[in-house]
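Pasting start_23.txt here (compact mmCIF, C-alpha atoms):
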# COMPACT_ATOMS: atom_id res chain seq x y z
CA MET A 1 100.11 258.19 207.79
CA MET A 2 99.22 255.40 210.18
CA THR A 3 102.61 253.89 209.37
CA TYR A 4 104.39 257.11 210.31
CA ALA A 5 102.42 257.38 213.55
CA THR A 6 103.09 253.74 214.43
CA LEU A 7 106.82 253.97 213.69
CA LYS A 8 106.93 257.01 215.94
CA LYS A 9 105.15 255.18 218.77
CA ASP A 10 106.38 251.57 218.52
CA VAL A 11 109.10 251.01 215.93
CA GLY A 12 110.33 247.86 217.69
CA ALA A 13 107.00 246.10 217.21
CA VAL A 14 106.90 247.06 213.52
CA ILE A 15 110.43 245.71 213.03
CA ALA A 16 109.47 242.43 214.70
CA GLN A 17 106.44 242.05 212.43
CA LEU A 18 108.49 242.89 209.33
CA GLU A 19 111.01 240.22 210.26
CA LYS A 20 108.15 237.70 210.24
CA HIS A 21 107.06 238.91 206.79
CA ALA A 22 110.65 238.66 205.54
CA ALA A 23 110.94 235.07 206.77
CA GLU A 24 107.73 234.02 204.99
CA HIS A 25 108.16 236.02 201.79
CA CYS A 26 107.28 234.21 198.56
CA ARG A 27 104.66 234.78 195.87
CA PRO A 28 101.80 232.89 197.59
CA TYR A 29 102.56 234.69 200.86
CA TYR A 30 102.69 238.08 199.12
CA ASN A 31 99.32 237.44 197.46
CA LYS A 32 97.84 236.35 200.77
CA ILE A 33 98.97 239.51 202.58
CA ARG A 34 97.88 241.70 199.68
CA GLU A 35 94.42 240.14 199.50
CA GLU A 36 93.83 240.28 203.24
CA GLY A 37 93.53 244.03 202.89
CA ARG A 38 94.11 246.75 205.42
CA ARG A 39 90.60 246.41 206.86
CA THR A 40 91.43 242.89 208.07
CA TYR A 41 93.84 244.30 210.64
CA LYS A 42 92.81 246.10 213.80
CA ASP A 43 96.32 246.52 215.18
CA PRO A 44 98.19 249.59 213.80
CA VAL A 45 101.46 247.61 214.02
CA GLN A 46 100.09 245.01 211.60
CA VAL A 47 98.78 247.74 209.29
CA ALA A 48 102.16 249.52 209.24
CA ALA A 49 104.16 246.32 208.72
CA ARG A 50 101.84 245.18 205.92
CA PHE A 51 102.18 248.55 204.17
CA ILE A 52 105.99 248.48 204.35
CA TYR A 53 106.18 244.80 203.36
CA LEU A 54 104.04 245.33 200.27
CA ASN A 55 105.95 248.48 199.34
CA LYS A 56 109.30 246.67 199.53
CA THR A 57 108.16 243.63 197.56
CA CYS A 58 105.56 244.89 195.06
CA TYR A 59 106.30 245.86 191.45
CA ASN A 60 108.72 248.82 191.53
CA GLY A 61 107.36 250.07 194.86
CA LEU A 62 104.17 251.32 193.17
CA TYR A 63 101.25 252.19 195.43
CA ARG A 64 97.89 251.79 193.69
CA VAL A 65 94.41 250.76 194.73
CA ASN A 66 91.36 249.70 192.73
CA SER A 67 87.89 251.27 192.76
CA LYS A 68 87.13 249.47 196.03
CA GLY A 69 90.22 250.89 197.71
CA HIS A 70 92.09 247.57 197.69
CA PHE A 71 95.83 247.49 196.98
CA ASN A 72 96.24 245.62 193.68
CA VAL A 73 99.90 245.81 192.61
CA PRO A 74 101.51 242.45 191.70
CA MET A 75 104.68 241.21 193.36
CA GLY A 76 107.95 242.49 191.93
CA SER A 77 110.76 240.32 190.57
CA TYR A 78 113.35 240.76 193.31
CA LYS A 79 115.81 238.06 194.26
CA ASN A 80 116.34 239.27 197.81
CA PRO A 81 114.22 242.32 198.71
CA THR A 82 115.09 244.25 201.86
CA VAL A 83 111.82 243.84 203.71
CA CYS A 84 113.13 245.07 207.06
CA ASP A 85 115.75 247.82 206.98
CA THR A 86 116.18 248.07 210.75
CA ASP A 87 118.72 250.90 210.79
CA ASN A 88 116.61 253.06 208.50
CA LEU A 89 113.42 252.36 210.45
CA LEU A 90 115.10 253.34 213.71
CA ALA A 91 116.41 256.54 212.10
CA VAL A 92 112.94 257.38 210.76
CA ALA A 93 111.37 256.75 214.17
CA HIS A 94 113.95 259.05 215.79
CA VAL A 95 113.06 261.90 213.41
CA LEU A 96 109.32 261.29 213.79
CA LYS A 97 109.61 261.72 217.56
CA LYS A 98 110.02 265.44 216.84
CA ALA A 99 107.12 265.60 214.35
CA THR A 100 103.35 265.92 214.59
CA VAL A 101 101.70 263.49 212.18
CA LYS A 102 98.27 264.43 210.81
CA THR A 103 96.01 263.37 207.94
CA GLN A 104 94.11 266.29 206.43
CA SER A 105 93.61 268.30 203.26
CA PHE A 106 96.40 270.65 202.20
CA LYS A 107 93.71 273.35 202.29
CA LYS A 108 93.43 273.02 206.07
CA ILE A 109 97.03 273.31 207.21
CA THR A 110 98.01 276.62 208.78
CA PRO A 111 101.77 277.27 208.41
CA LYS A 112 103.20 280.45 209.86
CA ALA A 113 105.43 282.99 208.15
CA GLY A 114 108.93 281.51 207.94
CA ASP A 115 107.69 277.89 207.91
CA LEU A 116 108.53 275.58 204.99
CA VAL A 117 105.82 273.64 203.14
CA TYR A 118 106.89 270.94 200.66
CA CYS A 119 104.21 269.54 198.33
CA ASP A 120 104.55 266.32 196.33
CA PRO A 121 101.17 265.89 194.60
CA PRO A 122 100.26 263.33 191.94
CA TYR A 123 102.09 264.63 188.88
CA ASP A 124 100.29 266.18 185.93
CA ALA A 125 100.01 264.08 182.75
CA THR A 126 101.25 260.92 184.49
CA PHE A 127 99.57 258.14 186.43
CA THR A 128 97.22 259.77 188.97
CA GLY A 129 95.01 256.80 189.81
CA TYR A 130 96.60 256.02 193.15
CA THR A 131 93.09 256.21 194.60
CA SER A 132 89.61 256.19 193.07
CA ALA A 133 89.38 259.98 193.61
CA GLY A 134 92.37 260.74 191.37
CA PHE A 135 93.93 264.22 191.12
CA ASN A 136 92.70 266.23 188.16
CA GLU A 137 93.42 269.66 186.65
CA ALA A 138 91.04 271.37 189.08
CA ASP A 139 92.96 269.79 191.97
CA GLN A 140 96.25 271.01 190.50
CA GLN A 141 94.83 274.52 190.25
CA ALA A 142 93.51 274.40 193.83
CA LEU A 143 96.97 273.40 195.05
CA ARG A 144 98.53 276.26 193.07
CA ASP A 145 96.07 278.69 194.65
CA GLN A 146 97.00 277.42 198.10
CA CYS A 147 100.73 277.65 197.36
CA ARG A 148 100.22 281.22 196.17
CA ALA A 149 98.36 282.11 199.38
CA TRP A 150 101.07 280.54 201.57
CA ASN A 151 103.81 282.30 199.65
CA ARG A 152 102.13 285.68 199.98
CA ALA A 153 101.81 285.07 203.73
CA GLY A 154 105.58 284.63 204.05
CA VAL A 155 105.62 280.81 204.02
CA HIS A 156 108.45 279.15 202.08
CA VAL A 157 106.93 276.83 199.46
CA ILE A 158 108.60 274.06 197.48
CA LEU A 159 106.66 271.78 195.14
CA SER A 160 107.59 268.97 192.74
CA ASN A 161 105.60 268.23 189.58
CA SER A 162 105.85 267.28 185.93
CA ASP A 163 107.37 269.67 183.43
CA THR A 164 104.20 270.18 181.40
CA PRO A 165 102.56 273.24 179.82
CA LEU A 166 99.83 273.15 182.47
CA ILE A 167 102.24 273.17 185.41
CA ARG A 168 104.47 275.83 183.82
CA SER A 169 101.38 277.98 183.27
CA LEU A 170 99.95 277.47 186.76
CA TYR A 171 103.25 278.32 188.45
CA ALA A 172 104.40 281.09 186.10
CA GLU A 173 104.96 283.47 189.03
CA PHE A 174 107.17 280.95 190.88
CA ARG A 175 110.75 279.93 190.23
CA ARG A 176 110.67 276.75 188.13
CA ILE A 177 113.86 274.69 188.16
CA PRO A 178 114.10 271.77 185.68
CA ILE A 179 115.38 268.56 187.28
CA ALA A 180 116.37 265.34 185.47
CA ALA A 181 114.77 262.44 187.35
CA SER A 182 114.91 258.70 186.76
CA ARG A 183 111.67 256.76 186.36
CA PHE A 184 111.40 253.04 187.14
CA ILE A 185 107.68 252.29 186.72
CA ASN A 186 107.72 251.46 183.00
CA CYS A 187 107.31 247.71 182.50
CA GLN A 188 109.91 247.83 179.70
CA GLY A 189 113.36 248.23 181.19
CA ASP A 190 114.80 249.93 178.11
CA LYS A 191 112.12 252.64 178.33
CA ARG A 192 113.09 253.74 181.85
CA GLU A 193 114.83 256.93 180.89
CA LYS A 194 115.38 260.18 182.73
CA VAL A 195 112.52 262.65 182.50
CA THR A 196 112.41 266.35 183.25
CA GLU A 197 110.49 267.44 186.33
CA LEU A 198 110.03 270.86 187.83
CA LEU A 199 111.11 271.91 191.30
CA ILE A 200 108.90 274.91 192.00
CA CYS A 201 109.90 277.43 194.64
CA GLY A 202 108.20 280.49 196.09
CA ASP A 203 110.09 283.64 197.04
I need this file expressed as structure tokens, please.
Amino acid sequence: MMTYATLKKDVGAVIAQLEKHAAEHCRPYYNKIREEGRRTYKDPVQVAARFIYLNKTCYNGLYRVNSKGHFNVPMGSYKNPTVCDTDNLLAVAHVLKKATVKTQSFKKITPKAGDLVYCDPPYDATFTGYTSAGFNEADQQALRDQCRAWNRAGVHVILSNSDTPLIRSLYAEFRRIPIAASRFINCQGDKREKVTELLICGD
């Protein structure tokens, strides 16, 4: 979220910092930036550029932290990763100029009738350890309850999740559209097949 806010405010500075990362990129440099940790940086521009750099160069773009909250994904095997996609960053910054960026629980947002809420939670029955808190079955049910409340208040709700018995059961009253999606996280290339997800829509 700090990255979004910083791109909105000062995309040029983020691009300049990313260009420096791109020029230095190699395994020792990646490990150095990864180990420095977000708390090392006071400047939001450095935080945003570090986040994007690690995302573009880590293993399959996976975001994961350990129990101490430290990013711990190894570097990916890319010959020439696009660390700084200037055109895309400028386009993102342009869109963000029209947005309000906040960090808060989904339970606290207050959409109005006619608004659209899209939810992309950690998927059921897949890797949910992005943070030490995780996202368990009770969290999935709490999100369903909130989606139900929004929908009944006239808010348009769209949610993505795994196609599992739990998710089908939780969202039985919603439209559930199966979607074939590619997965690239598996360490074995021949196991990266398409899986079925659910696109869940309120009335």
How close does each residue of region 77-150 of chain A get to region 23-39 of chain A, giving the shortest atom pair and distance in Å to one decimal for every residue with an atom at most 10 Å away, counting all atoms listed in the file, sorted by chain and residue number, as a tab-separated table?
residue	atom	partner	partner_atom	distance
A:Ser77	CA	A:Arg27	CA	9.8
A:Asn80	CA	A:His25	CA	9.7
A:Pro81	CA	A:His25	CA	9.3
A:Val83	CA	A:His25	CA	8.8
Problem set entry | Straight-line distance linking CA of Ala13 (chain A) with CA of Asp85 (chain A), stated in Å to one decimal |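 According to the coordinates, CA of Ala13 (chain A) and CA of Asp85 (chain A) are separated by 13.6 Å.
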Exercise. Please, what distance in Å, to one decimal, runs between CA of Thr82 (chain A) and CA of Gly12 (chain A)?
Worked result: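 Rounded to one decimal, the two atoms are 16.9 Å apart.
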Problem set entry | Polymer residues at most 10 Å from region 164-167 of chain A, all atoms listed in the file, same-chain spacing of 5 or more positions, as a PyMOL selection string | chain A and resi 123-125+137+140-141+144+172+176+196-198+200
Exercise. With distances taken over all atoms listed in the file, which of A:Thr40, A:Ile52, A:Leu143, A:Gly114 is nearest to Val14 (chain A)?
Worked result: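 Selected residue with least distance to Val14 (chain A): A:Ile52.
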Student task, region 87-117 of chain A output with N, CA and C atoms as a PDB file, in the first residue's frame:
ATOM      1  N   ASP A  87       6.829   2.681 -18.645  1.00  0.00           N
ATOM      2  CA  ASP A  87       5.512   2.993 -19.216  1.00  0.00           C
ATOM      3  C   ASP A  87       4.387   2.494 -18.308  1.00  0.00           C
ATOM      4  N   ASN A  88       4.544   1.295 -17.789  1.00  0.00           N
ATOM      5  CA  ASN A  88       3.510   0.742 -16.916  1.00  0.00           C
ATOM      6  C   ASN A  88       3.418   1.526 -15.606  1.00  0.00           C
ATOM      7  N   LEU A  89       4.562   1.886 -15.049  1.00  0.00           N
ATOM      8  CA  LEU A  89       4.565   2.640 -13.800  1.00  0.00           C
ATOM      9  C   LEU A  89       3.895   3.999 -13.973  1.00  0.00           C
ATOM     10  N   LEU A  90       4.148   4.645 -15.088  1.00  0.00           N
ATOM     11  CA  LEU A  90       3.509   5.938 -15.356  1.00  0.00           C
ATOM     12  C   LEU A  90       2.002   5.772 -15.517  1.00  0.00           C
ATOM     13  N   ALA A  91       1.584   4.691 -16.174  1.00  0.00           N
ATOM     14  CA  ALA A  91       0.154   4.428 -16.348  1.00  0.00           C
ATOM     15  C   ALA A  91      -0.510   4.148 -15.002  1.00  0.00           C
ATOM     16  N   VAL A  92       0.159   3.373 -14.160  1.00  0.00           N
ATOM     17  CA  VAL A  92      -0.370   3.074 -12.824  1.00  0.00           C
ATOM     18  C   VAL A  92      -0.499   4.353 -12.004  1.00  0.00           C
ATOM     19  N   ALA A  93       0.528   5.185 -12.058  1.00  0.00           N
ATOM     20  CA  ALA A  93       0.501   6.449 -11.307  1.00  0.00           C
ATOM     21  C   ALA A  93      -0.649   7.333 -11.771  1.00  0.00           C
ATOM     22  N   HIS A  94      -0.906   7.341 -13.077  1.00  0.00           N
ATOM     23  CA  HIS A  94      -2.000   8.151 -13.629  1.00  0.00           C
ATOM     24  C   HIS A  94      -3.347   7.695 -13.074  1.00  0.00           C
ATOM     25  N   VAL A  95      -3.555   6.379 -13.021  1.00  0.00           N
ATOM     26  CA  VAL A  95      -4.812   5.844 -12.487  1.00  0.00           C
ATOM     27  C   VAL A  95      -4.924   6.117 -10.991  1.00  0.00           C
ATOM     28  N   LEU A  96      -3.808   5.964 -10.273  1.00  0.00           N
ATOM     29  CA  LEU A  96      -3.833   6.163  -8.823  1.00  0.00           C
ATOM     30  C   LEU A  96      -4.134   7.605  -8.429  1.00  0.00           C
ATOM     31  N   LYS A  97      -3.877   8.549  -9.335  1.00  0.00           N
ATOM     32  CA  LYS A  97      -4.189   9.955  -9.043  1.00  0.00           C
ATOM     33  C   LYS A  97      -5.671  10.124  -8.726  1.00  0.00           C
ATOM     34  N   LYS A  98      -6.501   9.233  -9.270  1.00  0.00           N
ATOM     35  CA  LYS A  98      -7.950   9.330  -9.083  1.00  0.00           C
ATOM     36  C   LYS A  98      -8.430   8.461  -7.917  1.00  0.00           C
ATOM     37  N   ALA A  99      -7.504   7.784  -7.237  1.00  0.00           N
ATOM     38  CA  ALA A  99      -7.885   6.820  -6.198  1.00  0.00           C
ATOM     39  C   ALA A  99      -7.477   7.310  -4.812  1.00  0.00           C
ATOM     40  N   THR A 100      -8.209   6.837  -3.814  1.00  0.00           N
ATOM     41  CA  THR A 100      -7.834   7.029  -2.412  1.00  0.00           C
ATOM     42  C   THR A 100      -7.242   5.717  -1.922  1.00  0.00           C
ATOM     43  N   VAL A 101      -6.015   5.749  -1.435  1.00  0.00           N
ATOM     44  CA  VAL A 101      -5.313   4.542  -1.029  1.00  0.00           C
ATOM     45  C   VAL A 101      -5.324   4.445   0.495  1.00  0.00           C
ATOM     46  N   LYS A 102      -5.879   3.359   1.021  1.00  0.00           N
ATOM     47  CA  LYS A 102      -5.949   3.162   2.467  1.00  0.00           C
ATOM     48  C   LYS A 102      -5.540   1.743   2.828  1.00  0.00           C
ATOM     49  N   THR A 103      -5.047   1.565   4.047  1.00  0.00           N
ATOM     50  CA  THR A 103      -4.751   0.247   4.587  1.00  0.00           C
ATOM     51  C   THR A 103      -5.674   0.024   5.776  1.00  0.00           C
ATOM     52  N   GLN A 104      -6.595  -0.910   5.657  1.00  0.00           N
ATOM     53  CA  GLN A 104      -7.503  -1.208   6.760  1.00  0.00           C
ATOM     54  C   GLN A 104      -8.183  -2.539   6.521  1.00  0.00           C
ATOM     55  N   SER A 105      -8.835  -3.056   7.535  1.00  0.00           N
ATOM     56  CA  SER A 105      -9.542  -4.328   7.426  1.00  0.00           C
ATOM     57  C   SER A 105     -10.717  -4.210   6.474  1.00  0.00           C
ATOM     58  N   PHE A 106     -11.010  -5.301   5.771  1.00  0.00           N
ATOM     59  CA  PHE A 106     -12.175  -5.302   4.880  1.00  0.00           C
ATOM     60  C   PHE A 106     -13.462  -5.083   5.675  1.00  0.00           C
ATOM     61  N   LYS A 107     -13.410  -5.346   6.978  1.00  0.00           N
ATOM     62  CA  LYS A 107     -14.597  -5.169   7.817  1.00  0.00           C
ATOM     63  C   LYS A 107     -14.922  -3.693   8.063  1.00  0.00           C
ATOM     64  N   LYS A 108     -13.959  -2.822   7.767  1.00  0.00           N
ATOM     65  CA  LYS A 108     -14.145  -1.408   8.097  1.00  0.00           C
ATOM     66  C   LYS A 108     -14.484  -0.532   6.905  1.00  0.00           C
ATOM     67  N   ILE A 109     -14.438  -1.074   5.686  1.00  0.00           N
ATOM     68  CA  ILE A 109     -14.754  -0.222   4.548  1.00  0.00           C
ATOM     69  C   ILE A 109     -16.275  -0.036   4.460  1.00  0.00           C
ATOM     70  N   THR A 110     -16.677   1.087   3.914  1.00  0.00           N
ATOM     71  CA  THR A 110     -18.104   1.438   3.904  1.00  0.00           C
ATOM     72  C   THR A 110     -18.564   1.807   2.494  1.00  0.00           C
ATOM     73  N   PRO A 111     -18.642   0.827   1.586  1.00  0.00           N
ATOM     74  CA  PRO A 111     -19.124   1.117   0.229  1.00  0.00           C
ATOM     75  C   PRO A 111     -20.606   1.483   0.248  1.00  0.00           C
ATOM     76  N   LYS A 112     -21.000   2.258  -0.741  1.00  0.00           N
ATOM     77  CA  LYS A 112     -22.397   2.662  -0.869  1.00  0.00           C
ATOM     78  C   LYS A 112     -23.097   1.786  -1.909  1.00  0.00           C
ATOM     79  N   ALA A 113     -24.411   1.779  -1.869  1.00  0.00           N
ATOM     80  CA  ALA A 113     -25.185   1.038  -2.860  1.00  0.00           C
ATOM     81  C   ALA A 113     -24.772   1.480  -4.253  1.00  0.00           C
ATOM     82  N   GLY A 114     -24.512   0.525  -5.129  1.00  0.00           N
ATOM     83  CA  GLY A 114     -24.057   0.829  -6.487  1.00  0.00           C
ATOM     84  C   GLY A 114     -22.560   0.769  -6.650  1.00  0.00           C
ATOM     85  N   ASP A 115     -21.793   0.814  -5.540  1.00  0.00           N
ATOM     86  CA  ASP A 115     -20.340   0.689  -5.608  1.00  0.00           C
ATOM     87  C   ASP A 115     -19.966  -0.760  -5.942  1.00  0.00           C
ATOM     88  N   LEU A 116     -18.729  -0.947  -6.418  1.00  0.00           N
ATOM     89  CA  LEU A 116     -18.197  -2.276  -6.694  1.00  0.00           C
ATOM     90  C   LEU A 116     -17.064  -2.577  -5.725  1.00  0.00           C
ATOM     91  N   VAL A 117     -17.127  -3.726  -5.073  1.00  0.00           N
ATOM     92  CA  VAL A 117     -16.050  -4.197  -4.198  1.00  0.00           C
ATOM     93  C   VAL A 117     -15.504  -5.488  -4.796  1.00  0.00           C
TER      94      VAL A 117
END
